Amino acid sequence: MFTSEHRAFYKQYLNLNLYFMISRKFFLAENEMPRQWYNVVADMVNKPLPPLHPGTKQPLNPAELEPLFAKGLIAQEISQERWIDIPQEVYDLYKIYRPTPLVRAFGLEKAIGTKSKIYFKNESVSPVGSHKLNSAIPQAYYNKIEGTKRMTTETGAGQWGTALSFACQLFGIDLNIFMVKVSYEQKPFRKSLMNTWGAKVVASPSTLTESGRKILAEFPNSSGSLGIAISEAVEMAAKDPETKYALGSVLNHVLLHQTIIGLESEKQMEMAGDYPDVVIGCFGGGSNFSGIALPFLRHNLSGDKKTEIIAAEPASCPKLTRGVFQYDFGDTVGLTPLIPMYTLGHNFQPADIHAGGLRYHGAGAIVSQLLKDGLISAQAVQQLDTFEAGVLFARAEGIIPAPESTHAISVAISEAKKADEAGVEKTILFNLSGHGLMDMAAYDQYFAGNLTNFPISAESIAESVSKLEHLAEKF
Ligand SMILES: *Cc1c(COP(=O)(O)O)cnc(C)c1O
C-alpha cells in the first residue's frame, strides 16, 4: 500500500536526488553563516616571519602599530588562535549581502566543452560589487569601538575605497581616500560611489602629503601606484592621533576576515555533494585568494585532502612567479614595517593594466611563506588572455567579471582544459571576487583592439629588486 508517508518519503528522496543533479546555485541560510574566521597561522609548521621596524630593522613591537591601527586589529594581526569569533555587530552587517551564493558554472563548462565541474563563489553580489566589504566592515567596527573619528586609506581600482566608504558610513567615521591616479582617471564613477557613501577622494600622488610631493617632484607624470597611495594614507594617519589607517589587503587580519568566503564555500560544496580538486583566486595582495583558499588549505595541512591551490596573478606584475622572497616595504616611500614577502621591489612601477587591484609589488607574509614552502602555487596570466576569459564567462554565465577576477577565470579554464587533455575530470572552484560593471571602459578598449600585453624583462625585475639589497638579509 502506498501511504502518504511513503509519498513524503519518496518525495524527499526524489527531491534530494534532483537537488544534487540540477541545482545551479547553493545558498546557505543567514543563520548558517560561519560564526568565526579561520586563522591559518595556527596550522602552519613554518610560521610567517615577523615584520621588522623600518628604522631599527628589529622585529616590530605590536604596540608600535597603535598609531595606525585599532588594537583589536593588531591583536588579530599577531594572533596564533585557529578560530576568531566574528563580533555580533559585524555578523549582523554581513547579512546585508551574506551568505553569498556558490554557483555551478554550467554555462562556462558547456562553452569550453569540458568534462570537469567548475564552481564559483560569487562575491560580486555585495553592494559595493566585490569581496572587499568582508574586511571593511570589521575594520571600521574595531575602529569605532575604540573611538576612532577619522580614517585614511588608499585605493587602486577603487574597490577597497568604495567598500571602506560604505563601512565607515555604517559606523559614522570620516574617511579620506588616496586613489591611484590612473584609476581615478579611468574609473570616474568609482569616485562617485565613494562620494555617495560619504568619503573624500583625491588622486594619488597628491600634493597633500610629503610622500606625494616627493614623488611628484621626481616623476611629475606619475600615474601612481598602490605603493605610493599607501605612503600618502599612512603619512596622513601617522600625523594625526585621531586618525587611523586601513589597508584592504596584504596584512594578516585582512586575510583573516576574508576567510568567511572559503568557510561558506566549504559548506556549500558539501550541499553540492562535491569537494574541490583545485581552488583558484586572483592575486593582488592576497586577500580574496586567501579568503577562498585558506579554509580548504587547512584540510591539506591536516593531511586529509590534497587540493591544488593556485594564485592567479597578472604577467605584468608577477611577484609570485618571478619575484624574490625577502623583507621589503609595503609602500613605495618606505614608511611601513618591513614585511617578509615575495616582491618585485617597492619601487617596481607596474604597467597600467586594467586589473588595477592587482597592480601591487608584493604579497602578504602568510601567503609568501606558504608559497615558499610549496603549499600553494601561482600562475601568471597575460592581460589579453584575461579579457578573452572574461568575455567568454560573461557570455556563458551572464555576469560581467571584474578585470581582476578574470585572472582566476582564465586559470580555471586552462585547468579544465588541462584535465580534459589528461583524460581526467576535476572539480574546480574559483572565487569571483567582483563584478566589472564599473569597468566597461576597459571592456570597450578590449573590443576596440586597444589593449596589449605587457611583457616584463628579467632585467627590469632584477634592477628593481637589486635596490632592496641594503634593506635586510635575503633568506
Ligand atoms: C582588490 C581586488 C582584488 C585584489 O585584491 P586581493 O587582496 O588580492 O584580493 C581582486 N579582485 C577584486 C574585484 C578586487 O576589488
# chains A, B, ... in the order shown; residues from 1 in each chain; ligands from 1

$ residues_around --residues "Ile260 of chain A" --least-positions-apart "2" --cutoff "12 Å" --atoms "only C-alpha atoms" --output "JSON, numbers by chain"
{"A": [32, 33, 34, 35, 36, 37, 38, 39, 83, 84, 85, 86, 90, 91, 94, 98, 99, 100, 121, 123, 131, 132, 133, 134, 135, 138, 254, 255, 256, 257, 258, 262, 263, 264, 265, 266, 267, 287, 288, 289, 290, 291, 292, 293, 294, 295, 296]}

$ residues_near_ligand --ligand "ligand 1" --cutoff "7 Å" --atoms "only C-alpha atoms and all ligand atoms" --output "PyMOL selection string"
chain A and resi 130-132+157+159-160+248-250+282-289+357-358+402+404-405+433-435

$ write_last_selection --atoms "C-alpha atoms" --output "PDB file, in the first residue's frame"
ATOM      1  CA  SER A 130      33.427  42.900  -4.514  1.00  0.00           C
ATOM      2  CA  HIS A 131      34.733  40.844  -1.600  1.00  0.00           C
ATOM      3  CA  LYS A 132      36.377  43.933  -0.052  1.00  0.00           C
ATOM      4  CA  ALA A 157      40.911  50.123  -8.836  1.00  0.00           C
ATOM      5  CA  GLN A 159      37.074  48.669  -4.937  1.00  0.00           C
ATOM      6  CA  TRP A 160      38.647  48.944  -1.494  1.00  0.00           C
ATOM      7  CA  GLY A 248      42.439  46.458   2.137  1.00  0.00           C
ATOM      8  CA  SER A 249      44.770  43.526   1.548  1.00  0.00           C
ATOM      9  CA  VAL A 250      48.209  42.019   2.353  1.00  0.00           C
ATOM     10  CA  CYS A 282      43.178  36.079  -8.392  1.00  0.00           C
ATOM     11  CA  PHE A 283      46.053  37.737  -6.577  1.00  0.00           C
ATOM     12  CA  GLY A 284      46.721  41.387  -5.793  1.00  0.00           C
ATOM     13  CA  GLY A 285      47.880  41.452  -2.183  1.00  0.00           C
ATOM     14  CA  GLY A 286      46.351  38.071  -1.447  1.00  0.00           C
ATOM     15  CA  SER A 287      43.097  38.773   0.401  1.00  0.00           C
ATOM     16  CA  ASN A 288      40.424  37.207  -1.828  1.00  0.00           C
ATOM     17  CA  PHE A 289      42.797  34.396  -2.772  1.00  0.00           C
ATOM     18  CA  GLY A 357      43.556  45.877  -7.919  1.00  0.00           C
ATOM     19  CA  LEU A 358      46.373  43.522  -8.937  1.00  0.00           C
ATOM     20  CA  ALA A 402      35.918  42.492 -12.729  1.00  0.00           C
ATOM     21  CA  GLU A 404      40.894  41.261 -11.560  1.00  0.00           C
ATOM     22  CA  SER A 405      38.557  38.274 -11.331  1.00  0.00           C
ATOM     23  CA  SER A 433      35.993  38.451  -6.454  1.00  0.00           C
ATOM     24  CA  GLY A 434      33.883  41.159  -8.085  1.00  0.00           C
ATOM     25  CA  HIS A 435      31.756  42.315 -10.992  1.00  0.00           C
TER      26      HIS A 435
END

$ residues_around --residues "Ser204 of chain A" --least-positions-apart "5" --cutoff "7 Å" --atoms "only C-alpha atoms" --output "PyMOL selection string"
chain A and resi 178-181+212+224+229

$ residues_around --residues "Pro59 of chain A" --least-positions-apart "2" --cutoff "12 Å" --atoms "only C-alpha atoms" --output "list of chain:residue names"
A:Leu49, A:Pro50, A:Pro51, A:Leu52, A:His53, A:Pro54, A:Gly55, A:Thr56, A:Lys57, A:Asn61, A:Pro62, A:Ala63, A:Glu64, A:Tyr327, A:Pro337, A:Leu338, A:Ile339, A:Pro340, A:Ala472

$ atom_distance --atom1 "atom CA of Ile173 of chain A" --atom2 "atom CA of Ala140 of chain A"
7.7 Å

$ select_by_dssp --residues "segment 4-191 of chain A" --states "strand (DSSP E)" --output "NGL selection string"
:A and (25-26 or 36-38 or 83-85 or 102-104 or 117-122 or 150-155 or 174-180)

$ residues_around --residues "Pro318 of chain A" --least-positions-apart "5" --cutoff "8 Å" --atoms "only C-alpha atoms" --output "PyMOL selection string"
chain A and resi 313+323+344+380

$ write_last_selection --atoms "N, CA and C atoms" --output "tab-separated table (two decimals), in the first residue's frame"
chain	number	residue	atom	x	y	z
A	313	GLU	N	47.97	35.57	-10.93
A	313	GLU	CA	48.48	36.95	-10.89
A	313	GLU	C	48.68	37.47	-12.32
A	323	GLY	N	59.16	37.10	-8.61
A	323	GLY	CA	59.74	37.98	-7.59
A	323	GLY	C	60.72	37.23	-6.71
A	344	LEU	N	58.57	42.34	-6.04
A	344	LEU	CA	59.29	42.84	-7.22
A	344	LEU	C	60.09	44.08	-6.84
A	380	ALA	N	50.94	33.06	-13.76
A	380	ALA	CA	50.81	34.43	-14.26
A	380	ALA	C	50.01	34.40	-15.56

$ atom_distance --atom1 "atom CA of Tyr119 of chain A" --atom2 "atom CA of Asp277 of chain A"
11.2 Å

$ closest_residue --among "A:Gly227, A:Gly172, A:Gly436, A:Gly107" --to "Tyr360 of chain A" --atoms "only C-alpha atoms"
A:Gly227

$ closest_residue --among "A:His354, A:Lys244, A:Lys372, A:Lys214" --to "Cys168 of chain A" --atoms "only C-alpha atoms"
A:Lys244

$ residues_around --residues "Ile310 of chain A" --least-positions-apart "6" --cutoff "12 Å" --atoms "only C-alpha atoms" --output "MDAnalysis selection string"
chainID A and resid 277:283 286 289:290 292:294 296:297 320:321 367 370:371 374:380 407:412 414:415 428:431

$ atom_distance --atom1 "atom CA of Ala363 of chain A" --atom2 "atom CA of Gln326 of chain A"
10.7 Å
